[in-house]
Amino acid sequence: MRRPGSPVRPISRRERRRVRRRLGLALVAVFVVIGATATDADADADADTIAPGAPVTGQAADDEVRFLATILRSDSSAPETRIGAATRLLRLQSPAAYAVIDDVLRTGDGPNLLAVVTAMSSAPLAEPALLDATVSALDTAGPEARDLLGIALSKYEQPALERLLAIVRDPQLPSRRRLGAIHALGSFPRRESGDELIALADPRHGENDVVRAAALESLRRLAPADLGDDFQAWRAWWFEVRDKSPEEWARELVRQYQQRAAALQQANRELADRYIEALDELHKNLPVSPDQLERLPRLLNDAMPRVRRFAMERIARLLRDSVLIPDTVRRELLRCLADDVPQVRLMALRLLHELDEPEVGRMIVDRLSTERDRAVLAGIMEVLENQPLPAALAPVLGWLDDAQLGTAAAEATWAILDRPRGNGETAVGAATSEQIRKVTRDAALRLPSLSANPALARLLARVGAEEDLPFVEPLLDDPDANLRRAVAEGLRARGLEEPLLARADDEAIYPSAVGVLADGPPELARFERLVAMRRAEGNGTERWSEAVRTLASRLDASMLLAADDMLAKVENGHTNLRVFVLVRAGLDRDTMPPEIRGAILGRVTPLLIEQNNALRAFELIEHFEGAAVNPGLPAAKFQAALLAGRYDAAERIHPEPAAWIVLLGELDESDRVVAIRLHEEIKRRFADRLDGTAGDALRAATRNLPAAPAKDGRTEADDRAPTP
């Protein structure tokens, strides 16, 4: 049996099987202690980083609690779904949510309890109201839940420790409860817990074998190594570390784990791999703390490439969880762009791009001149597609004729050229338009066929000289659809219309054909030609709609009604598109002649009513009627108000029931719900004016209506829309 300080012995198969679980659970204890000893300010900062916003209150919160409780308790819910529901309940921070968690802790079955303790073990803070229920769960928790329960209890610190010690020291309590408390003590790296576990494991203490075995198992969760069943070895180890402060205790365990990891690596590569995997699994579920973030620079500087990669994978997970990455970590990632291992350089590059690091642009430009690994270069060009850097264009052009990187270089060059350019700009970075044209043409000539690099063909179509066009345009008829599409996109960027419009029937060319029309001058004839190119179905329908919206937004206000007339003639009417043209491209403009604004309001109101959006029509008229001229607006507003349930506004326009009854009689079968409500409102609002002719007219208008639903006392206020 190896004692502390003795040479590393050969690792047994039994130890290999147990090492991942033993090391992982003990590391949890280390990180819990570090989090527990942080200053209040650090804890507050950490909570601000990952905790949700203000608690949800009111009826919406109660409804959400009931919904989440159903998911948590449903037999059909997947484990991940249960954990998500439990996590959300904890984040709601409401008495109703805590009541659900409390009930599961006290009475929950295996899956429910496991989901709750998993969520609690990952939560940044412990809720005092749940301490009693968490302790009571020791009676029913299974092995997997019991490990996580110990982590959750450790976040309560001293109050939970005192409860556990009281249970352990009472031999009259049920054996299962005492054993659960003994197991939980292994998550408290404190002097009191260690002393108690050593006493329980001592053969002279008088405890039975089951209790002694449980105490030794908890000690294994505290220690960085398994000292087996040798009590004297455990006792010697404990008295070596028991007098350390919590901070020293945590640092000592981390140091011993680092030593142990090095020993495992030297003794057995497979075991070291499993250790790294265990660290990975462990970090996935750990709550974030300032200390964890402070450790990342050390991991990024680790001598083992796998550890450096592990640190970057951890950073990527933190980014997905919206955790703020400190500047110290960002600086180390910048340094990793010059790492000896290409994969590390590539991972650092992608992380820095995701972090929007300002320095990454300069580093990329510098790296392009020295980087020789093709995978890293491809990664740099991929970043340039999303973050175009003019200064990077000159070195990127040098890779256009490379067999492996030519496509990536052409894509990056396109992105840089596609970025907005300043007035009078004639050069991109250090490259002039003539240089770009020459390098692109030379690279294209070196290829046996541009089908091998459609991205380069697209670039040539965009930047090539006039004398290159007789070579480029025939590619629009090439059998390769990808090549035709790429060349069409290049010619669209060049503004060359006719070759594209002549081939608009081609599925690959159609998006560029409608796009080039939308890019041109805002003329009504151009808009009419674009409308005529509408397709009844297929992938180009949305591209056509997008092109219509783009061009309509640039048309003069005086052209919008004529543009709408053109759209109205198209099959199916395209009501949504017409509403966009009239509202977004028309009414939303800051300045517009009142006559045109009034005409647009009169045109768009029936369209919105057709879309069952009478409320939107009413709101538009209400907002713009002061700046619009149209004698028909009051009638349109009255109709929209009645259909939207704005009855007070409707009465201000027509205070007598006659107009109301006329509109009621015009509603068809599709408006049955609206008609029933309107009928009830007329009877309520005009009860003293429905005798004689008005009453007869109302009965005639509602002859085909079904019986009204039972009254519930609800009235339609002027500021509320009817329930759909």
# chains A, B, ... in the order shown; residues from 1 in each chain; ligands from 1

$ residues_around --residues "Gly186 in chain A" --least-positions-apart "2" --cutoff "12 Å" --atoms "only C-alpha atoms" --output "PyMOL selection string"
chain A and resi 22+25-30+32+146-151+153-154+161+164-165+179-184+188-198+214-223

$ residues_around --residues "Arg603 in chain A" --least-positions-apart "4" --cutoff "12 Å" --atoms "only C-alpha atoms" --output "count of residues only"
29

$ residues_around --residues "Leu450 in chain A" --least-positions-apart "3" --cutoff "12 Å" --atoms "only C-alpha atoms" --output "PyMOL selection string"
chain A and resi 401+406-407+440-441+443-447+453-461+471-472+474-476+478+480+482-484+486-487

$ write_last_selection --atoms "N, CA and C atoms" --output "PDB file, in the first residue's frame"
ATOM      1  N   ASP A 401      -4.395  30.859 -56.952  1.00  0.00           N
ATOM      2  CA  ASP A 401      -4.077  29.783 -57.893  1.00  0.00           C
ATOM      3  C   ASP A 401      -3.633  28.509 -57.197  1.00  0.00           C
ATOM      4  N   GLY A 406      -7.448  27.567 -53.303  1.00  0.00           N
ATOM      5  CA  GLY A 406      -7.943  28.541 -54.275  1.00  0.00           C
ATOM      6  C   GLY A 406      -9.398  28.931 -54.044  1.00  0.00           C
ATOM      7  N   THR A 407     -10.239  27.949 -53.753  1.00  0.00           N
ATOM      8  CA  THR A 407     -11.654  28.254 -53.528  1.00  0.00           C
ATOM      9  C   THR A 407     -11.831  29.128 -52.294  1.00  0.00           C
ATOM     10  N   THR A 440      -6.603  37.644 -60.545  1.00  0.00           N
ATOM     11  CA  THR A 440      -7.757  36.760 -60.739  1.00  0.00           C
ATOM     12  C   THR A 440      -7.721  36.131 -62.127  1.00  0.00           C
ATOM     13  N   ARG A 441      -7.430  36.934 -63.136  1.00  0.00           N
ATOM     14  CA  ARG A 441      -7.396  36.414 -64.504  1.00  0.00           C
ATOM     15  C   ARG A 441      -6.279  35.384 -64.662  1.00  0.00           C
ATOM     16  N   ALA A 443      -4.979  33.475 -62.361  1.00  0.00           N
ATOM     17  CA  ALA A 443      -5.347  32.241 -61.661  1.00  0.00           C
ATOM     18  C   ALA A 443      -6.365  31.446 -62.466  1.00  0.00           C
ATOM     19  N   ALA A 444      -7.326  32.148 -63.100  1.00  0.00           N
ATOM     20  CA  ALA A 444      -8.330  31.454 -63.908  1.00  0.00           C
ATOM     21  C   ALA A 444      -7.697  30.780 -65.121  1.00  0.00           C
ATOM     22  N   LEU A 445      -6.720  31.431 -65.739  1.00  0.00           N
ATOM     23  CA  LEU A 445      -6.076  30.857 -66.921  1.00  0.00           C
ATOM     24  C   LEU A 445      -5.270  29.607 -66.583  1.00  0.00           C
ATOM     25  N   ARG A 446      -4.820  29.491 -65.351  1.00  0.00           N
ATOM     26  CA  ARG A 446      -4.026  28.319 -64.969  1.00  0.00           C
ATOM     27  C   ARG A 446      -4.888  27.078 -64.731  1.00  0.00           C
ATOM     28  N   LEU A 447      -6.187  27.277 -64.589  1.00  0.00           N
ATOM     29  CA  LEU A 447      -7.068  26.132 -64.353  1.00  0.00           C
ATOM     30  C   LEU A 447      -7.435  25.466 -65.672  1.00  0.00           C
ATOM     31  N   ASN A 453     -13.379  25.409 -59.872  1.00  0.00           N
ATOM     32  CA  ASN A 453     -13.389  26.473 -58.865  1.00  0.00           C
ATOM     33  C   ASN A 453     -14.453  27.513 -59.228  1.00  0.00           C
ATOM     34  N   PRO A 454     -15.739  27.199 -58.977  1.00  0.00           N
ATOM     35  CA  PRO A 454     -16.801  28.169 -59.292  1.00  0.00           C
ATOM     36  C   PRO A 454     -16.620  29.501 -58.575  1.00  0.00           C
ATOM     37  N   ALA A 455     -16.025  29.476 -57.372  1.00  0.00           N
ATOM     38  CA  ALA A 455     -15.818  30.731 -56.643  1.00  0.00           C
ATOM     39  C   ALA A 455     -14.877  31.655 -57.405  1.00  0.00           C
ATOM     40  N   LEU A 456     -13.861  31.094 -58.051  1.00  0.00           N
ATOM     41  CA  LEU A 456     -12.942  31.902 -58.849  1.00  0.00           C
ATOM     42  C   LEU A 456     -13.644  32.420 -60.109  1.00  0.00           C
ATOM     43  N   ALA A 457     -14.517  31.589 -60.702  1.00  0.00           N
ATOM     44  CA  ALA A 457     -15.279  32.039 -61.869  1.00  0.00           C
ATOM     45  C   ALA A 457     -16.186  33.204 -61.485  1.00  0.00           C
ATOM     46  N   ARG A 458     -16.805  33.141 -60.324  1.00  0.00           N
ATOM     47  CA  ARG A 458     -17.656  34.233 -59.863  1.00  0.00           C
ATOM     48  C   ARG A 458     -16.841  35.519 -59.710  1.00  0.00           C
ATOM     49  N   LEU A 459     -15.643  35.371 -59.139  1.00  0.00           N
ATOM     50  CA  LEU A 459     -14.785  36.536 -58.942  1.00  0.00           C
ATOM     51  C   LEU A 459     -14.348  37.132 -60.268  1.00  0.00           C
ATOM     52  N   LEU A 460     -14.009  36.273 -61.233  1.00  0.00           N
ATOM     53  CA  LEU A 460     -13.590  36.763 -62.553  1.00  0.00           C
ATOM     54  C   LEU A 460     -14.739  37.494 -63.240  1.00  0.00           C
ATOM     55  N   ALA A 461     -15.961  36.960 -63.118  1.00  0.00           N
ATOM     56  CA  ALA A 461     -17.117  37.617 -63.723  1.00  0.00           C
ATOM     57  C   ALA A 461     -17.326  39.004 -63.132  1.00  0.00           C
ATOM     58  N   PHE A 471     -15.290  35.475 -72.771  1.00  0.00           N
ATOM     59  CA  PHE A 471     -14.872  34.195 -72.201  1.00  0.00           C
ATOM     60  C   PHE A 471     -15.783  33.799 -71.028  1.00  0.00           C
ATOM     61  N   VAL A 472     -16.303  34.816 -70.320  1.00  0.00           N
ATOM     62  CA  VAL A 472     -17.086  34.549 -69.116  1.00  0.00           C
ATOM     63  C   VAL A 472     -18.546  34.260 -69.422  1.00  0.00           C
ATOM     64  N   PRO A 474     -20.282  32.879 -71.883  1.00  0.00           N
ATOM     65  CA  PRO A 474     -20.703  31.534 -72.299  1.00  0.00           C
ATOM     66  C   PRO A 474     -20.796  30.532 -71.142  1.00  0.00           C
ATOM     67  N   LEU A 475     -20.142  30.836 -70.022  1.00  0.00           N
ATOM     68  CA  LEU A 475     -20.231  29.933 -68.875  1.00  0.00           C
ATOM     69  C   LEU A 475     -21.634  29.912 -68.275  1.00  0.00           C
ATOM     70  N   LEU A 476     -22.469  30.903 -68.638  1.00  0.00           N
ATOM     71  CA  LEU A 476     -23.862  30.887 -68.185  1.00  0.00           C
ATOM     72  C   LEU A 476     -24.648  29.738 -68.811  1.00  0.00           C
ATOM     73  N   ASP A 478     -23.109  26.674 -69.286  1.00  0.00           N
ATOM     74  CA  ASP A 478     -22.361  25.465 -68.954  1.00  0.00           C
ATOM     75  C   ASP A 478     -23.297  24.421 -68.334  1.00  0.00           C
ATOM     76  N   ASP A 480     -22.783  22.616 -65.837  1.00  0.00           N
ATOM     77  CA  ASP A 480     -22.639  22.606 -64.376  1.00  0.00           C
ATOM     78  C   ASP A 480     -23.472  23.741 -63.767  1.00  0.00           C
ATOM     79  N   ASN A 482     -23.759  24.665 -60.660  1.00  0.00           N
ATOM     80  CA  ASN A 482     -23.008  25.453 -59.677  1.00  0.00           C
ATOM     81  C   ASN A 482     -22.178  26.535 -60.359  1.00  0.00           C
ATOM     82  N   LEU A 483     -21.587  26.190 -61.505  1.00  0.00           N
ATOM     83  CA  LEU A 483     -20.789  27.170 -62.241  1.00  0.00           C
ATOM     84  C   LEU A 483     -21.688  28.268 -62.807  1.00  0.00           C
ATOM     85  N   ARG A 484     -22.851  27.884 -63.344  1.00  0.00           N
ATOM     86  CA  ARG A 484     -23.771  28.896 -63.891  1.00  0.00           C
ATOM     87  C   ARG A 484     -24.223  29.848 -62.781  1.00  0.00           C
ATOM     88  N   ALA A 486     -22.652  30.598 -60.005  1.00  0.00           N
ATOM     89  CA  ALA A 486     -21.545  31.450 -59.561  1.00  0.00           C
ATOM     90  C   ALA A 486     -21.283  32.581 -60.549  1.00  0.00           C
ATOM     91  N   VAL A 487     -21.254  32.264 -61.833  1.00  0.00           N
ATOM     92  CA  VAL A 487     -21.001  33.295 -62.845  1.00  0.00           C
ATOM     93  C   VAL A 487     -22.128  34.323 -62.849  1.00  0.00           C
TER      94      VAL A 487
END

$ residues_around --residues "Cys336 in chain A" --least-positions-apart "3" --cutoff "12 Å" --atoms "only C-alpha atoms" --output "PyMOL selection string"
chain A and resi 297+299-302+305+308-309+311-312+329-333+339-352+360+363+367

$ closest_residue --among "A:Thr87, A:Asp668, A:Thr605, A:Met592" --to "Ala641 in chain A" --atoms "only C-alpha atoms"
A:Thr605

$ residues_around --residues "Phe686 in chain A" --least-positions-apart "3" --cutoff "8 Å" --atoms "only C-alpha atoms" --output "list in words"
Glu656, Pro657, Ile682, Lys683, Arg689 and Leu690 of chain A

$ select_by_dssp --residues "range 190-241 of chain A" --states "alpha helix (DSSP H)" --output "compact mmCIF listing (two decimals) with all heavy atoms, in the first residue's frame"
# COMPACT_ATOMS: atom_id res chain seq x y z
N ARG A 191 -12.25 20.61 7.92
CA ARG A 191 -11.66 19.87 9.03
C ARG A 191 -12.72 19.03 9.75
O ARG A 191 -12.48 17.86 10.08
CB ARG A 191 -11.01 20.83 10.02
CG ARG A 191 -10.41 20.13 11.24
CD ARG A 191 -9.88 21.11 12.26
NE ARG A 191 -8.79 21.89 11.70
CZ ARG A 191 -8.13 22.82 12.39
NH1 ARG A 191 -8.49 23.09 13.64
NH2 ARG A 191 -7.14 23.48 11.84
N GLU A 192 -13.93 19.62 9.98
CA GLU A 192 -14.95 18.89 10.73
C GLU A 192 -15.37 17.61 10.00
O GLU A 192 -15.54 16.56 10.63
CB GLU A 192 -16.19 19.78 10.93
CG GLU A 192 -15.90 21.07 11.67
CD GLU A 192 -15.70 22.22 10.72
OE1 GLU A 192 -14.93 22.06 9.77
OE2 GLU A 192 -16.31 23.28 10.96
N SER A 193 -15.56 17.70 8.68
CA SER A 193 -16.00 16.51 7.95
C SER A 193 -14.90 15.46 7.91
O SER A 193 -15.17 14.26 8.09
CB SER A 193 -16.41 16.90 6.53
OG SER A 193 -15.35 17.52 5.85
N GLY A 194 -13.65 15.89 7.67
CA GLY A 194 -12.56 14.92 7.65
C GLY A 194 -12.36 14.24 8.99
O GLY A 194 -12.16 13.02 9.06
N ASP A 195 -12.41 15.02 10.09
CA ASP A 195 -12.27 14.43 11.42
C ASP A 195 -13.35 13.39 11.67
O ASP A 195 -13.09 12.31 12.24
CB ASP A 195 -12.34 15.52 12.49
CG ASP A 195 -11.07 16.34 12.56
OD1 ASP A 195 -10.03 15.90 12.00
OD2 ASP A 195 -11.09 17.43 13.17
N GLU A 196 -14.59 13.71 11.29
CA GLU A 196 -15.69 12.78 11.52
C GLU A 196 -15.52 11.51 10.71
O GLU A 196 -15.75 10.39 11.20
CB GLU A 196 -17.02 13.45 11.17
CG GLU A 196 -18.26 12.69 11.61
CD GLU A 196 -18.38 12.59 13.11
OE1 GLU A 196 -17.86 13.48 13.83
OE2 GLU A 196 -18.98 11.61 13.58
N LEU A 197 -15.11 11.65 9.45
CA LEU A 197 -14.93 10.46 8.60
C LEU A 197 -13.79 9.59 9.10
O LEU A 197 -13.89 8.35 9.09
CB LEU A 197 -14.68 10.90 7.15
CG LEU A 197 -15.87 11.53 6.43
CD1 LEU A 197 -15.44 12.09 5.07
CD2 LEU A 197 -16.99 10.52 6.25
N ILE A 198 -12.69 10.20 9.55
CA ILE A 198 -11.58 9.42 10.10
C ILE A 198 -12.03 8.67 11.36
O ILE A 198 -11.71 7.49 11.56
CB ILE A 198 -10.38 10.34 10.41
CG1 ILE A 198 -9.73 10.80 9.09
CG2 ILE A 198 -9.36 9.65 11.29
CD1 ILE A 198 -9.06 9.68 8.31
N ALA A 199 -12.82 9.36 12.20
CA ALA A 199 -13.31 8.70 13.42
C ALA A 199 -14.22 7.53 13.08
O ALA A 199 -14.13 6.46 13.70
CB ALA A 199 -14.05 9.72 14.29
N LEU A 200 -15.11 7.70 12.10
CA LEU A 200 -16.01 6.62 11.72
C LEU A 200 -15.27 5.44 11.11
O LEU A 200 -15.68 4.28 11.27
CB LEU A 200 -17.05 7.15 10.73
CG LEU A 200 -18.08 8.14 11.27
CD1 LEU A 200 -18.88 8.74 10.13
CD2 LEU A 200 -19.01 7.45 12.26
N ALA A 201 -14.17 5.72 10.39
CA ALA A 201 -13.41 4.64 9.75
C ALA A 201 -12.47 3.93 10.72
O ALA A 201 -11.96 2.84 10.41
CB ALA A 201 -12.61 5.21 8.57
N ASP A 209 -19.07 -2.67 9.98
CA ASP A 209 -18.28 -2.66 8.74
C ASP A 209 -18.92 -1.81 7.65
O ASP A 209 -18.22 -1.20 6.83
CB ASP A 209 -18.10 -4.09 8.23
CG ASP A 209 -17.20 -4.91 9.13
OD1 ASP A 209 -16.45 -4.29 9.93
OD2 ASP A 209 -17.24 -6.15 9.03
N VAL A 210 -20.25 -1.76 7.61
CA VAL A 210 -20.92 -0.97 6.58
C VAL A 210 -20.62 0.51 6.75
O VAL A 210 -20.32 1.23 5.79
CB VAL A 210 -22.44 -1.23 6.62
CG1 VAL A 210 -23.17 -0.31 5.63
CG2 VAL A 210 -22.75 -2.68 6.30
N VAL A 211 -20.69 0.99 7.99
CA VAL A 211 -20.41 2.40 8.27
C VAL A 211 -18.95 2.71 7.98
O VAL A 211 -18.62 3.74 7.38
CB VAL A 211 -20.78 2.75 9.71
CG1 VAL A 211 -20.30 4.15 10.08
CG2 VAL A 211 -22.28 2.65 9.91
N ARG A 212 -18.02 1.79 8.40
CA ARG A 212 -16.61 2.03 8.15
C ARG A 212 -16.32 2.10 6.64
O ARG A 212 -15.57 2.96 6.17
CB ARG A 212 -15.77 0.93 8.79
CG ARG A 212 -15.76 0.96 10.31
CD ARG A 212 -14.80 -0.08 10.88
NE ARG A 212 -13.43 0.22 10.48
CZ ARG A 212 -12.69 -0.59 9.71
NH1 ARG A 212 -13.18 -1.74 9.29
NH2 ARG A 212 -11.46 -0.24 9.38
N ALA A 213 -16.94 1.20 5.87
CA ALA A 213 -16.73 1.21 4.42
C ALA A 213 -17.26 2.50 3.80
O ALA A 213 -16.65 3.08 2.89
CB ALA A 213 -17.41 0.00 3.79
N ALA A 214 -18.42 2.98 4.29
CA ALA A 214 -18.98 4.23 3.78
C ALA A 214 -18.07 5.41 4.08
O ALA A 214 -17.90 6.32 3.27
CB ALA A 214 -20.38 4.46 4.36
N ALA A 215 -17.47 5.41 5.30
CA ALA A 215 -16.57 6.50 5.67
C ALA A 215 -15.32 6.49 4.79
O ALA A 215 -14.86 7.55 4.34
CB ALA A 215 -16.18 6.37 7.14
N LEU A 216 -14.76 5.31 4.52
CA LEU A 216 -13.59 5.23 3.65
C LEU A 216 -13.93 5.68 2.22
O LEU A 216 -13.12 6.33 1.54
CB LEU A 216 -13.04 3.80 3.63
CG LEU A 216 -12.34 3.34 4.92
CD1 LEU A 216 -11.94 1.88 4.81
CD2 LEU A 216 -11.11 4.20 5.20
N GLU A 217 -15.14 5.33 1.76
CA GLU A 217 -15.54 5.74 0.42
C GLU A 217 -15.64 7.27 0.33
O GLU A 217 -15.26 7.88 -0.67
CB GLU A 217 -16.89 5.10 0.06
CG GLU A 217 -17.35 5.37 -1.36
CD GLU A 217 -16.40 4.81 -2.40
OE1 GLU A 217 -15.76 3.77 -2.13
OE2 GLU A 217 -16.28 5.44 -3.48
N SER A 218 -16.15 7.91 1.39
CA SER A 218 -16.22 9.38 1.38
C SER A 218 -14.83 9.99 1.44
O SER A 218 -14.58 11.03 0.83
CB SER A 218 -17.05 9.87 2.57
OG SER A 218 -18.42 9.82 2.26
N LEU A 219 -13.92 9.37 2.15
CA LEU A 219 -12.54 9.86 2.18
C LEU A 219 -11.92 9.79 0.78
O LEU A 219 -11.13 10.66 0.41
CB LEU A 219 -11.71 9.06 3.18
CG LEU A 219 -11.96 9.37 4.65
CD1 LEU A 219 -11.27 8.34 5.55
CD2 LEU A 219 -11.47 10.78 5.00
N ARG A 220 -12.28 8.75 0.04
CA ARG A 220 -11.76 8.65 -1.32
C ARG A 220 -12.23 9.84 -2.17
O ARG A 220 -11.55 10.25 -3.11
CB ARG A 220 -12.21 7.34 -1.97
CG ARG A 220 -11.56 6.11 -1.37
CD ARG A 220 -11.93 4.85 -2.15
NE ARG A 220 -11.32 3.68 -1.56
CZ ARG A 220 -11.93 2.88 -0.68
NH1 ARG A 220 -13.17 3.13 -0.32
NH2 ARG A 220 -11.30 1.83 -0.18
N ARG A 221 -13.40 10.35 -1.87
CA ARG A 221 -13.90 11.49 -2.62
C ARG A 221 -13.20 12.79 -2.23
O ARG A 221 -13.25 13.78 -2.95
CB ARG A 221 -15.41 11.62 -2.42
CG ARG A 221 -16.17 10.41 -2.95
CD ARG A 221 -17.64 10.44 -2.57
NE ARG A 221 -18.30 11.57 -3.20
CZ ARG A 221 -19.19 12.33 -2.60
NH1 ARG A 221 -19.50 12.11 -1.34
NH2 ARG A 221 -19.78 13.32 -3.24
N LEU A 222 -12.56 12.80 -1.06
CA LEU A 222 -11.79 13.97 -0.63
C LEU A 222 -10.35 13.92 -1.11
O LEU A 222 -9.72 14.96 -1.32
CB LEU A 222 -11.80 14.08 0.90
CG LEU A 222 -13.10 14.50 1.58
CD1 LEU A 222 -12.91 14.50 3.09
CD2 LEU A 222 -13.52 15.88 1.12
N PHE A 231 -6.48 1.88 7.02
CA PHE A 231 -6.91 3.03 7.82
C PHE A 231 -5.73 3.89 8.24
O PHE A 231 -5.83 5.12 8.28
CB PHE A 231 -7.69 2.55 9.05
CG PHE A 231 -7.98 3.65 10.02
CD1 PHE A 231 -8.95 4.59 9.75
CD2 PHE A 231 -7.23 3.78 11.20
CE1 PHE A 231 -9.21 5.64 10.63
CE2 PHE A 231 -7.48 4.82 12.07
CZ PHE A 231 -8.47 5.75 11.80
N GLN A 232 -4.61 3.27 8.60
CA GLN A 232 -3.47 4.04 9.05
C GLN A 232 -2.94 4.96 7.94
O GLN A 232 -2.50 6.08 8.21
CB GLN A 232 -2.35 3.09 9.53
CG GLN A 232 -2.71 2.29 10.78
CD GLN A 232 -3.11 3.20 11.95
OE1 GLN A 232 -2.53 4.27 12.14
NE2 GLN A 232 -4.08 2.75 12.74
N ALA A 233 -3.01 4.51 6.68
CA ALA A 233 -2.60 5.36 5.56
C ALA A 233 -3.53 6.56 5.42
O ALA A 233 -3.10 7.70 5.21
CB ALA A 233 -2.57 4.55 4.26
N TRP A 234 -4.81 6.30 5.58
CA TRP A 234 -5.77 7.40 5.52
C TRP A 234 -5.56 8.38 6.67
O TRP A 234 -5.63 9.60 6.48
CB TRP A 234 -7.21 6.86 5.58
CG TRP A 234 -7.69 6.27 4.29
CD1 TRP A 234 -7.95 4.96 4.03
CD2 TRP A 234 -7.96 6.97 3.07
NE1 TRP A 234 -8.36 4.78 2.74
CE2 TRP A 234 -8.39 6.02 2.12
CE3 TRP A 234 -7.88 8.30 2.70
CZ2 TRP A 234 -8.73 6.36 0.83
CZ3 TRP A 234 -8.24 8.65 1.41
CH2 TRP A 234 -8.65 7.69 0.49
N ARG A 235 -5.32 7.84 7.85
CA ARG A 235 -5.14 8.70 9.02
C ARG A 235 -3.90 9.58 8.85
O ARG A 235 -3.92 10.79 9.15
CB ARG A 235 -5.01 7.82 10.27
CG ARG A 235 -4.98 8.60 11.59
CD ARG A 235 -4.97 7.61 12.77
NE ARG A 235 -5.05 8.33 14.03
CZ ARG A 235 -4.00 8.87 14.66
NH1 ARG A 235 -2.79 8.75 14.12
NH2 ARG A 235 -4.15 9.53 15.79
N ALA A 236 -2.80 8.99 8.33
CA ALA A 236 -1.57 9.77 8.12
C ALA A 236 -1.79 10.87 7.09
O ALA A 236 -1.34 12.02 7.25
CB ALA A 236 -0.44 8.83 7.68
N TRP A 237 -2.49 10.53 6.03
CA TRP A 237 -2.77 11.54 4.99
C TRP A 237 -3.62 12.68 5.56
O TRP A 237 -3.35 13.85 5.32
CB TRP A 237 -3.49 10.89 3.81
CG TRP A 237 -4.01 11.90 2.84
CD1 TRP A 237 -3.32 12.57 1.90
CD2 TRP A 237 -5.36 12.40 2.76
NE1 TRP A 237 -4.14 13.46 1.22
CE2 TRP A 237 -5.39 13.36 1.73
CE3 TRP A 237 -6.53 12.11 3.46
CZ2 TRP A 237 -6.56 14.03 1.39
CZ3 TRP A 237 -7.69 12.78 3.11
CH2 TRP A 237 -7.70 13.73 2.10
N TRP A 238 -4.63 12.32 6.32
CA TRP A 238 -5.53 13.33 6.82
C TRP A 238 -4.82 14.31 7.76
O TRP A 238 -4.98 15.52 7.64
CB TRP A 238 -6.72 12.69 7.51
CG TRP A 238 -7.61 13.70 8.20
CD1 TRP A 238 -7.85 13.84 9.51
CD2 TRP A 238 -8.34 14.74 7.56
NE1 TRP A 238 -8.68 14.90 9.77
CE2 TRP A 238 -9.00 15.49 8.56
CE3 TRP A 238 -8.50 15.15 6.24
CZ2 TRP A 238 -9.80 16.58 8.29
CZ3 TRP A 238 -9.30 16.25 5.97
CH2 TRP A 238 -9.94 16.95 6.98
N PHE A 239 -4.03 13.79 8.67
CA PHE A 239 -3.37 14.68 9.62
C PHE A 239 -2.25 15.50 8.97
O PHE A 239 -1.74 16.45 9.56
CB PHE A 239 -2.84 13.89 10.82
CG PHE A 239 -3.93 13.53 11.79
CD1 PHE A 239 -4.51 12.26 11.77
CD2 PHE A 239 -4.42 14.46 12.68
CE1 PHE A 239 -5.54 11.93 12.64
CE2 PHE A 239 -5.45 14.15 13.56
CZ PHE A 239 -6.01 12.87 13.54
N GLU A 240 -1.91 15.14 7.73
CA GLU A 240 -0.96 15.95 6.98
C GLU A 240 -1.63 17.19 6.38
O GLU A 240 -1.00 18.23 6.20
CB GLU A 240 -0.34 15.11 5.87
CG GLU A 240 0.69 15.85 5.00
CD GLU A 240 1.25 14.95 3.92
OE1 GLU A 240 1.84 13.92 4.26
OE2 GLU A 240 1.07 15.27 2.74
N VAL A 241 -2.95 17.09 6.10
CA VAL A 241 -3.62 18.19 5.40
C VAL A 241 -4.71 18.87 6.23
O VAL A 241 -5.20 19.93 5.84
CB VAL A 241 -4.26 17.68 4.08
CG1 VAL A 241 -3.20 17.12 3.17
CG2 VAL A 241 -5.35 16.65 4.35

$ closest_residue --among "A:Arg485, A:Arg492, A:Lys637, A:His353" --to "Ala650 in chain A" --atoms "only C-alpha atoms"
A:Lys637

$ closest_residue --among "A:Thr370, A:Ser187, A:Gln611, A:Thr140" --to "Ala160 in chain A" --atoms "only C-alpha atoms"
A:Ser187

$ residues_around --residues "Arg685 in chain A" --least-positions-apart "5" --cutoff "12 Å" --atoms "only C-alpha atoms" --output "PyMOL selection string"
chain A and resi 647-648+650-651+655-657+660+677-680+690+715-716

$ closest_residue --among "A:Gln292, A:Thr702, A:Thr118, A:Ser245" --to "Val323 in chain A" --atoms "only C-alpha atoms"
A:Gln292

$ select_by_dssp --residues "range 273-473 of chain A" --states "strand (DSSP E)" --output "JSON, numbers by chain"
{"A": [427, 428, 431, 432]}

$ atom_distance --atom1 "CA of Asp468 in chain A" --atom2 "CA of Leu491 in chain A"
11.9 Å

$ atom_distance --atom1 "CA of Ala701 in chain A" --atom2 "CA of Glu666 in chain A"
8.0 Å
